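Colleague: One file: work-v6.cif (mmCIF, C-alpha atoms and all ligand atoms).
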```cif
data_structure
#
loop_
_atom_site.label_atom_id
_atom_site.label_comp_id
_atom_site.auth_asym_id
_atom_site.auth_seq_id
_atom_site.Cartn_x
_atom_site.Cartn_y
_atom_site.Cartn_z
CA MET A 1 0.61 6.70 27.34
CA ARG A 2 -3.05 7.52 27.23
CA VAL A 3 -3.99 9.47 24.16
CA LEU A 4 -7.14 11.41 23.33
CA ILE A 5 -7.96 11.95 19.66
CA THR A 6 -10.72 14.43 18.86
CA GLY A 7 -12.19 13.55 15.48
CA GLY A 8 -10.89 10.02 16.00
CA ALA A 9 -13.53 8.37 13.81
CA GLY A 10 -12.50 10.47 10.84
CA PHE A 11 -10.23 9.41 8.02
CA ILE A 12 -6.92 10.58 9.52
CA GLY A 13 -8.02 10.16 13.16
CA SER A 14 -8.89 6.49 12.68
CA HIS A 15 -5.49 5.74 11.13
CA LEU A 16 -3.82 7.63 13.97
CA ALA A 17 -5.78 5.65 16.58
CA GLU A 18 -4.76 2.40 14.89
CA ALA A 19 -1.07 3.36 14.82
CA LEU A 20 -1.02 4.43 18.48
CA LEU A 21 -2.85 1.30 19.64
CA SER A 22 -0.41 -0.88 17.71
CA GLN A 23 2.43 0.89 19.55
CA GLY A 24 0.81 -0.11 22.86
CA HIS A 25 -0.80 3.20 23.84
CA GLY A 26 -4.30 3.49 25.27
CA VAL A 27 -6.52 5.50 22.93
CA ALA A 28 -9.78 7.32 23.56
CA ILE A 29 -11.56 9.08 20.73
CA ILE A 30 -14.38 11.60 20.66
CA ASP A 31 -16.24 12.18 17.43
CA ASP A 32 -19.69 13.53 16.62
CA LEU A 33 -19.76 11.49 13.38
CA SER A 34 -20.53 14.62 11.36
CA THR A 35 -17.97 13.70 8.73
CA GLY A 36 -16.38 10.69 10.46
CA SER A 37 -17.96 7.26 10.59
CA ILE A 38 -18.17 4.51 13.16
CA GLU A 39 -17.27 2.12 10.36
CA ASN A 40 -13.77 3.66 10.37
CA VAL A 41 -13.09 2.33 13.88
CA GLN A 42 -15.20 -0.84 13.86
CA HIS A 43 -12.09 -3.00 13.54
CA LEU A 44 -10.49 -1.26 16.55
CA LYS A 45 -13.56 -1.91 18.67
CA ALA A 46 -13.32 -5.56 17.74
CA ARG A 47 -9.57 -5.87 18.20
CA TYR A 48 -9.10 -4.02 21.50
CA PRO A 49 -10.97 -5.06 24.65
CA ARG A 50 -13.20 -3.13 27.02
CA SER A 51 -14.00 -0.53 24.47
CA GLY A 52 -16.50 2.09 25.52
CA GLY A 53 -19.57 2.63 23.38
CA THR A 54 -21.44 5.48 24.89
CA VAL A 55 -20.45 8.19 27.25
CA GLY A 56 -19.45 6.88 30.66
CA THR A 57 -18.91 3.24 29.74
CA GLY A 58 -15.67 1.34 29.77
CA ARG A 59 -14.20 3.57 32.43
CA GLY A 60 -12.58 2.72 35.75
CA GLY A 61 -9.22 1.16 36.51
CA ASP A 62 -6.26 2.08 34.34
CA PRO A 63 -7.77 3.78 31.29
CA SER A 64 -4.84 2.92 29.04
CA THR A 65 -4.75 -0.86 29.25
CA ALA A 66 -6.97 -3.80 29.99
CA GLY A 67 -5.01 -6.87 31.05
CA GLY A 68 -1.85 -5.62 29.33
CA THR A 69 -3.59 -4.97 25.99
CA PRO A 70 -3.97 -1.35 24.92
CA ARG A 71 -7.45 -0.14 25.39
CA PHE A 72 -9.70 1.68 22.95
CA ASP A 73 -12.57 3.85 24.19
CA TYR A 74 -14.89 5.84 22.02
CA THR A 75 -17.36 8.58 22.79
CA ILE A 76 -19.87 9.74 20.24
CA ASP A 77 -20.28 13.39 21.07
CA SER A 78 -19.16 16.87 20.11
CA VAL A 79 -16.03 18.50 21.47
CA LEU A 80 -18.36 21.37 22.35
CA ASN A 81 -19.89 19.17 25.07
CA VAL A 82 -17.61 20.55 27.75
CA PRO A 83 -18.34 18.21 30.72
CA ILE A 84 -17.74 15.14 28.56
CA LEU A 85 -14.58 16.53 27.01
CA ALA A 86 -13.30 17.59 30.44
CA GLU A 87 -13.53 14.02 31.67
CA LEU A 88 -11.71 12.69 28.62
CA VAL A 89 -8.99 15.33 28.90
CA ASP A 90 -8.59 14.46 32.56
CA GLN A 91 -7.88 10.82 31.70
CA CYS A 92 -5.29 11.39 28.96
CA ASP A 93 -1.65 12.44 28.76
CA VAL A 94 -1.75 14.02 25.32
CA ILE A 95 -4.46 15.32 22.99
CA TYR A 96 -4.43 15.17 19.20
CA HIS A 97 -7.02 17.74 18.19
CA LEU A 98 -8.27 16.68 14.76
CA ALA A 99 -11.99 17.42 15.14
CA ALA A 100 -12.92 20.05 12.56
CA ALA A 101 -15.30 20.81 9.74
CA VAL A 102 -13.34 19.82 6.64
CA GLY A 103 -13.87 19.47 2.91
CA VAL A 104 -14.46 22.28 0.44
CA ARG A 105 -18.04 21.21 -0.27
CA LEU A 106 -19.00 21.33 3.41
CA ILE A 107 -17.30 24.68 3.89
CA VAL A 108 -19.06 26.28 0.96
CA GLU A 109 -22.44 24.81 1.92
CA SER A 110 -22.26 25.20 5.73
CA PRO A 111 -20.07 28.19 6.61
CA VAL A 112 -21.63 28.80 10.05
CA ARG A 113 -21.00 25.25 11.13
CA THR A 114 -17.45 25.38 9.77
CA ILE A 115 -16.51 28.51 11.64
CA GLU A 116 -18.21 27.53 14.89
CA THR A 117 -16.88 23.98 14.98
CA ASN A 118 -13.35 24.99 14.14
CA VAL A 119 -12.99 28.04 16.34
CA ARG A 120 -15.06 27.08 19.38
CA GLY A 121 -13.90 23.48 19.30
CA THR A 122 -10.26 24.54 19.54
CA GLU A 123 -11.03 27.11 22.23
CA VAL A 124 -12.65 24.42 24.38
CA VAL A 125 -9.86 21.89 23.82
CA LEU A 126 -7.13 24.38 24.68
CA GLU A 127 -8.91 25.72 27.72
CA LEU A 128 -9.40 22.23 29.17
CA ALA A 129 -5.90 21.11 28.22
CA HIS A 130 -4.51 24.14 30.01
CA LYS A 131 -6.57 23.45 33.12
CA LYS A 132 -5.30 19.87 33.26
CA LYS A 133 -1.80 20.58 31.89
CA LYS A 134 -2.02 18.22 28.90
CA LYS A 135 -0.01 18.57 25.71
CA VAL A 136 -1.96 19.40 22.53
CA LEU A 137 -1.14 18.66 18.92
CA LEU A 138 -3.35 20.80 16.68
CA ALA A 139 -4.11 19.55 13.18
CA SER A 140 -4.24 22.58 10.92
CA THR A 141 -4.18 22.70 7.15
CA SER A 142 -2.20 23.84 4.13
CA GLU A 143 -5.36 25.74 3.22
CA VAL A 144 -4.08 28.51 5.54
CA TYR A 145 -1.52 29.48 2.87
CA GLY A 146 -4.53 30.44 0.77
CA LYS A 147 -3.83 31.62 -2.75
CA ALA A 148 -0.19 32.47 -2.22
CA THR A 149 1.69 31.80 -5.44
CA LYS A 150 5.23 31.51 -4.14
CA VAL A 151 5.83 27.78 -3.81
CA PRO A 152 6.95 25.75 -1.98
CA PHE A 153 5.18 27.08 1.12
CA SER A 154 7.30 27.52 4.24
CA GLU A 155 5.90 27.74 7.73
CA ASP A 156 6.81 31.41 8.19
CA ASP A 157 5.46 32.57 4.81
CA ASP A 158 2.66 35.14 4.60
CA LEU A 159 -0.88 33.79 4.39
CA VAL A 160 -2.78 35.15 1.38
CA LEU A 161 -6.52 34.87 1.82
CA GLY A 162 -9.41 36.15 -0.29
CA PRO A 163 -12.28 38.43 0.71
CA THR A 164 -14.68 37.52 3.52
CA VAL A 165 -17.65 37.40 1.15
CA LYS A 166 -16.13 34.32 -0.47
CA GLY A 167 -17.07 31.41 1.76
CA ARG A 168 -14.10 29.22 0.99
CA TRP A 169 -11.71 31.48 2.89
CA ALA A 170 -13.67 30.98 6.11
CA TYR A 171 -12.02 27.61 6.47
CA ALA A 172 -8.48 28.95 6.11
CA CYS A 173 -9.28 31.84 8.40
CA SER A 174 -10.86 29.63 11.07
CA LYS A 175 -7.86 27.31 11.07
CA ALA A 176 -5.43 30.25 11.11
CA LEU A 177 -7.23 31.53 14.19
CA ASP A 178 -6.89 28.05 15.73
CA GLU A 179 -3.16 28.28 15.09
CA PHE A 180 -2.89 31.75 16.63
CA LEU A 181 -4.75 30.60 19.72
CA THR A 182 -2.70 27.44 20.08
CA ILE A 183 0.59 29.29 19.78
CA ALA A 184 -0.72 31.94 22.19
CA TYR A 185 -1.39 29.27 24.81
CA TRP A 186 2.24 28.24 24.50
CA LYS A 187 3.65 31.76 24.59
CA GLU A 188 1.42 33.15 27.28
CA LYS A 189 0.59 30.13 29.43
CA ARG A 190 3.38 27.66 28.62
CA LEU A 191 0.92 24.98 27.55
CA PRO A 192 3.01 22.53 25.46
CA VAL A 193 1.60 22.54 21.92
CA VAL A 194 2.60 21.50 18.40
CA VAL A 195 0.83 22.69 15.24
CA VAL A 196 0.86 20.69 12.01
CA ARG A 197 -0.30 21.95 8.63
CA LEU A 198 -1.50 18.93 6.73
CA PHE A 199 -1.29 19.02 2.95
CA ASN A 200 -3.68 16.93 0.85
CA THR A 201 -3.72 13.59 2.63
CA VAL A 202 -5.12 10.50 0.95
CA GLY A 203 -5.63 6.81 1.62
CA PRO A 204 -8.23 4.19 2.45
CA ARG A 205 -11.33 5.41 4.38
CA GLN A 206 -11.24 8.89 2.90
CA THR A 207 -14.69 9.69 1.64
CA GLY A 208 -15.43 11.65 -1.50
CA ARG A 209 -18.62 12.99 0.00
CA TYR A 210 -17.17 16.36 0.94
CA GLY A 211 -15.45 17.02 -2.36
CA MET A 212 -12.03 15.41 -1.84
CA VAL A 213 -10.57 14.79 -5.23
CA LEU A 214 -8.87 11.37 -5.12
CA PRO A 215 -11.74 9.28 -3.70
CA ASN A 216 -14.07 11.10 -6.10
CA PHE A 217 -11.93 10.27 -9.12
CA VAL A 218 -11.48 6.65 -8.04
CA LYS A 219 -15.19 6.08 -7.48
CA GLN A 220 -16.02 7.70 -10.80
CA ALA A 221 -13.39 5.62 -12.62
CA LEU A 222 -14.56 2.36 -11.04
CA ALA A 223 -18.18 3.13 -11.88
CA GLY A 224 -17.30 4.01 -15.48
CA LYS A 225 -18.68 7.51 -14.96
CA PRO A 226 -16.98 10.70 -16.19
CA ILE A 227 -13.98 11.75 -14.09
CA THR A 228 -14.83 15.35 -13.20
CA VAL A 229 -11.90 17.77 -13.35
CA TYR A 230 -12.89 21.18 -12.01
CA GLY A 231 -11.59 24.30 -13.74
CA ASP A 232 -8.89 23.85 -16.37
CA GLY A 233 -7.20 21.01 -14.44
CA ARG A 234 -3.88 22.85 -14.36
CA GLN A 235 -4.16 23.60 -10.64
CA THR A 236 -1.73 21.47 -8.67
CA ARG A 237 -1.66 19.71 -5.32
CA SER A 238 0.91 17.57 -3.47
CA PHE A 239 -0.58 14.41 -2.04
CA SER A 240 0.71 12.45 0.91
CA TYR A 241 -0.23 9.05 2.17
CA VAL A 242 -2.12 8.86 5.45
CA GLY A 243 0.35 6.35 6.93
CA ASP A 244 3.24 8.76 6.36
CA VAL A 245 1.25 11.63 7.84
CA VAL A 246 0.30 9.66 10.96
CA ASN A 247 3.93 8.70 11.46
CA ALA A 248 4.90 12.39 11.39
CA LEU A 249 2.19 13.35 13.89
CA VAL A 250 3.21 10.68 16.38
CA GLN A 251 6.87 11.65 16.19
CA LEU A 252 6.18 15.38 16.46
CA ALA A 253 3.94 14.90 19.49
CA SER A 254 6.81 13.31 21.37
CA CYS A 255 9.55 15.67 20.16
CA GLU A 256 10.49 18.12 22.93
CA ARG A 257 12.09 20.58 20.52
CA ALA A 258 8.88 20.72 18.46
CA VAL A 259 6.89 22.38 21.26
CA GLY A 260 5.59 25.82 20.28
CA GLN A 261 6.38 25.17 16.60
CA ILE A 262 4.41 24.86 13.36
CA PHE A 263 5.24 22.18 10.78
CA ASN A 264 4.23 21.45 7.22
CA VAL A 265 3.40 17.77 6.86
CA GLY A 266 3.20 16.74 3.23
CA ASN A 267 4.98 15.40 0.23
CA GLY A 268 6.94 17.78 -1.99
CA VAL A 269 5.88 16.08 -5.24
CA GLU A 270 3.46 18.27 -7.19
CA VAL A 271 0.86 16.99 -9.64
CA SER A 272 -1.79 18.74 -11.72
CA ILE A 273 -5.39 17.64 -11.20
CA GLU A 274 -5.64 16.79 -14.90
CA ASP A 275 -2.62 14.51 -14.56
CA LEU A 276 -4.13 12.96 -11.43
CA ALA A 277 -7.28 12.14 -13.39
CA ARG A 278 -5.21 10.47 -16.12
CA ARG A 279 -3.25 8.43 -13.57
CA VAL A 280 -6.45 7.24 -11.87
CA LYS A 281 -7.96 6.27 -15.20
CA LEU A 282 -4.85 4.33 -16.18
CA ALA A 283 -4.37 2.60 -12.82
CA SER A 284 -7.98 1.48 -12.64
CA GLY A 285 -8.17 0.41 -16.29
CA SER A 286 -11.28 2.54 -16.63
CA ASP A 287 -13.02 3.63 -19.82
CA SER A 288 -14.32 6.79 -18.14
CA GLU A 289 -13.94 10.02 -20.05
CA ILE A 290 -12.19 12.93 -18.34
CA GLN A 291 -14.69 15.77 -18.17
CA ARG A 292 -13.98 19.41 -17.32
CA LEU A 293 -16.49 21.24 -15.17
CA PRO A 294 -16.37 25.00 -14.49
CA TYR A 295 -15.93 25.85 -10.80
CA ASP A 296 -19.08 28.00 -10.81
CA GLN A 297 -21.14 24.99 -11.80
CA VAL A 298 -19.80 22.95 -8.89
CA TYR A 299 -19.31 25.42 -6.07
CA GLY A 300 -21.45 28.38 -7.15
CA GLU A 301 -20.64 31.85 -8.44
CA GLY A 302 -17.25 33.39 -7.68
CA PHE A 303 -15.50 30.33 -6.25
CA GLU A 304 -11.76 30.76 -5.91
CA ASP A 305 -9.35 27.81 -6.06
CA MET A 306 -5.65 27.87 -5.27
CA PRO A 307 -3.45 27.43 -8.33
CA ARG A 308 -0.61 25.52 -6.66
CA ARG A 309 0.04 23.92 -3.33
CA VAL A 310 3.45 22.47 -2.49
CA PRO A 311 5.02 22.12 0.96
CA ASP A 312 8.57 22.97 1.92
CA ILE A 313 9.35 20.09 4.29
CA SER A 314 12.85 21.11 5.32
CA LYS A 315 11.68 22.15 8.80
CA ILE A 316 10.11 18.84 9.76
CA ARG A 317 13.16 17.02 8.40
CA ALA A 318 15.34 19.09 10.74
CA TYR A 319 13.29 18.08 13.78
CA ILE A 320 12.45 14.40 13.31
CA GLU A 321 13.61 11.43 11.25
CA TRP A 322 10.88 11.55 8.68
CA GLU A 323 10.42 11.20 4.94
CA PRO A 324 7.21 10.66 3.02
CA ARG A 325 7.66 7.11 1.72
CA VAL A 326 4.57 6.22 -0.31
CA GLN A 327 4.61 7.66 -3.82
CA LEU A 328 1.60 8.98 -5.73
CA ASP A 329 0.93 5.95 -7.93
CA ASP A 330 1.00 3.70 -4.86
CA MET A 331 -1.43 6.01 -3.07
CA ILE A 332 -3.75 5.81 -6.08
CA ARG A 333 -3.43 2.03 -6.19
CA ARG A 334 -4.26 1.67 -2.49
CA VAL A 335 -7.33 3.88 -2.79
CA ILE A 336 -8.46 1.90 -5.86
CA GLU A 337 -8.03 -1.34 -3.89
CA TYR A 338 -10.01 0.07 -1.00
CA TYR A 339 -12.94 1.09 -3.17
CA SER A 340 -12.77 -2.11 -5.24
CA ASP A 341 -12.90 -4.28 -2.12
CA ARG A 342 -15.87 -2.71 -0.46
CA SER A 343 -19.41 -2.84 -1.67
CA TRP A 344 -20.08 0.84 -1.90
CA SER A 345 -22.79 2.59 -3.76
CA GLU A 346 -22.96 6.15 -4.95
CA ASN A 347 -25.26 7.04 -2.04
CA SER A 348 -23.53 5.13 0.70
CA ASP A 349 -20.44 7.28 0.47
N1 LIG A 401 -11.32 18.64 -7.78
C1 LIG A 401 -11.67 18.17 -9.03
N2 LIG A 401 -12.67 17.23 -9.12
C2 LIG A 401 -13.30 16.71 -8.02
C3 LIG A 401 -12.93 17.18 -6.74
C4 LIG A 401 -11.92 18.16 -6.65
O1 LIG A 401 -11.13 18.59 -10.04
O2 LIG A 401 -14.17 15.85 -8.19
C5 LIG A 401 -10.22 19.62 -7.69
C6 LIG A 401 -10.49 20.84 -6.81
O3 LIG A 401 -11.13 21.87 -7.53
C7 LIG A 401 -9.09 21.22 -6.38
C8 LIG A 401 -8.36 19.88 -6.29
O4 LIG A 401 -9.12 18.97 -7.07
O5 LIG A 401 -8.46 22.01 -7.35
C9 LIG A 401 -8.25 19.34 -4.87
O6 LIG A 401 -9.53 19.37 -4.29
P1 LIG A 401 -9.86 18.85 -2.84
O7 LIG A 401 -11.26 19.29 -2.54
O8 LIG A 401 -9.55 17.40 -2.75
O9 LIG A 401 -8.83 19.57 -1.87
P2 LIG A 401 -8.33 21.10 -1.71
O10 LIG A 401 -6.88 20.99 -1.96
O11 LIG A 401 -9.00 21.97 -2.72
O12 LIG A 401 -8.68 21.44 -0.32
#
```
Take the structure in this file and express it as structure tokens.
Ligand code: UDP
Modeller:
Amino acid sequence: MRVLITGGAGFIGSHLAEALLSQGHGVAIIDDLSTGSIENVQHLKARYPRSGGTVGTGRGGDPSTAGGTPRFDYTIDSVLNVPILAELVDQCDVIYHLAAAVGVRLIVESPVRTIETNVRGTEVVLELAHKKKKKVLLASTSEVYGKATKVPFSEDDDLVLGPTVKGRWAYACSKALDEFLTIAYWKEKRLPVVVVRLFNTVGPRQTGRYGMVLPNFVKQALAGKPITVYGDGRQTRSFSYVGDVVNALVQLASCERAVGQIFNVGNGVEVSIEDLARRVKLASGSDSEIQRLPYDQVYGEGFEDMPRRVPDISKIRAYIEWEPRVQLDDMIRRVIEYYSDRSWSENSD
């Protein structure tokens, strides 16, 4: 198969590209490097031949393989560049649409960019996919459940969002609209689609730059700086390992019964952020103190966080053979290893 991954140089996209290439599929990615990084796919460029580098290179012949080896092409551009995306869509069999503005910090600081990238990007992808009759897997987010308090969250639960003056909810709302549009393309136009709601996903290559908690804690612990817990630390999240998530995406994209459906992809094990900080400190052998910071100080006046976030994963289990395998302490250990191995500095990440 020939696969197109939008946002393929991002944290999850790069792991997905790697998994698909190792299964023998040809992979093309498009990424504007706004939050992704070419460093995330450097090893794929080196490992797989005839990789493209700029728009229009590396094309011709069978786009999925080069001499029997799966081929990796990359295009550094925005999904809003319609002629470029049209060509990439034309050459693929299936699209994983991961390109989006993500990360709470980015959303709070750049709401216009968040809304435009997420809504228009998905519009363009779906329109082109429909024209060329290509299947789409949309990566959505557990953020769409908003501040609902009934946990675990099931796919057909109500979404509980805050007021439109509070910037954070723009992200949930933009992704909810993406979901509506994707499902509408299935219902109205019979475009085969699958929607996944990703819960907090962690692993190597995730950057802390946009606020994500685990890489932040790990970097702070390794640097001997205070581990910053926002709010009272009693808010919870359920973390899943990127390898488990990628495995779910690949299986769902090839599951006929999954077409037109929405799935939670996550791990049902809940942990408080305070507890996460303690586990990171312990696993890294750090002397860092655990410091509480009020939300207002970090994200500005009136910031709302969600108190709990836990997926119900019974639906995905009913459709594919899938279980999250990597447990929290292993996830923490792998992220610590990643940041210990690389020569990062506070500014480089
Ligand atoms: N958080 C924290 N310290 C940090 C970064 C995040 O305490 O340095 C908290 C954040 O307020 C939230 C949780 O950790 O309650 C998860 O944050 P993240 O931005 O990773 O993902 P979210 O689930 O909020 O989208």
Colleague: Find the residue from A:Phe217, A:Tyr339, A:Trp322, A:Phe11 that sits nearest to ligand LIG 401 (chain A); use all atoms listed in the file when measuring.
Modeller: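 Nearest to ligand LIG 401 (chain A): A:Phe217.
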Colleague: Skipping near chain neighbours, those fewer than 6 positions away, what residues fall within 9 Å of Lys225 (chain A) using all atoms listed in the file, listed as a PyMOL selection string?
Modeller: chain A and resi 219+287-289
Colleague: Quick one: of A:Arg105, A:Arg334, A:Lys189, A:Arg113, who's nearest to ligand LIG 401 (chain A), counting only C-alpha atoms and all ligand atoms?
Modeller: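 Nearest to ligand LIG 401 (chain A): A:Arg105.
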Colleague: To box ligand LIG 401 (chain A), take all atoms listed in the file, fit an axis-aligned box, add 6 Å on each side, and give centre and edge lengths in Å to one decimal, as AutoDock Vina command-line options.
Modeller:
```
--center_x -10.5 --center_y 18.9 --center_z -5.2 --size_x 19.3 --size_y 18.2 --size_z 21.7
```
Colleague: Kindly provide, as a list in words, all nucleotide and amino acid residues lying within 7 Å of ligand LIG 401 (chain A), counting all atoms listed in the file.
Modeller: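 What falls inside 7 Å of ligand LIG 401 (chain A) is Gly103, Val104, Glu143, Asn200, Gly211, Met212, Val213, Leu214, Asn216, Phe217, Thr228, Val229, Tyr230, Gly231, Gly233, Gln235, Thr236, Arg237, Ile273, Asp305 and Met306 of chain A.
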Colleague: Taking only C-alpha atoms into account, which of A:Ile95, A:Leu128, A:Leu16, A:Leu88 comes nearest Val41 (chain A)?
Modeller: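 Comparing A:Ile95, A:Leu128, A:Leu16, A:Leu88 against Val41 (chain A), the winner is A:Leu16.
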Colleague: Which polymer residues, whether protein, DNA or RNA, lie within 12 Å of the coordinate (-17.4, 25.8, 9.3) when you count all atoms listed in the file? List them as a PyMOL selection string, using the chain letters and numbers from the file.
Modeller: chain A and resi 34+99-121+167-175
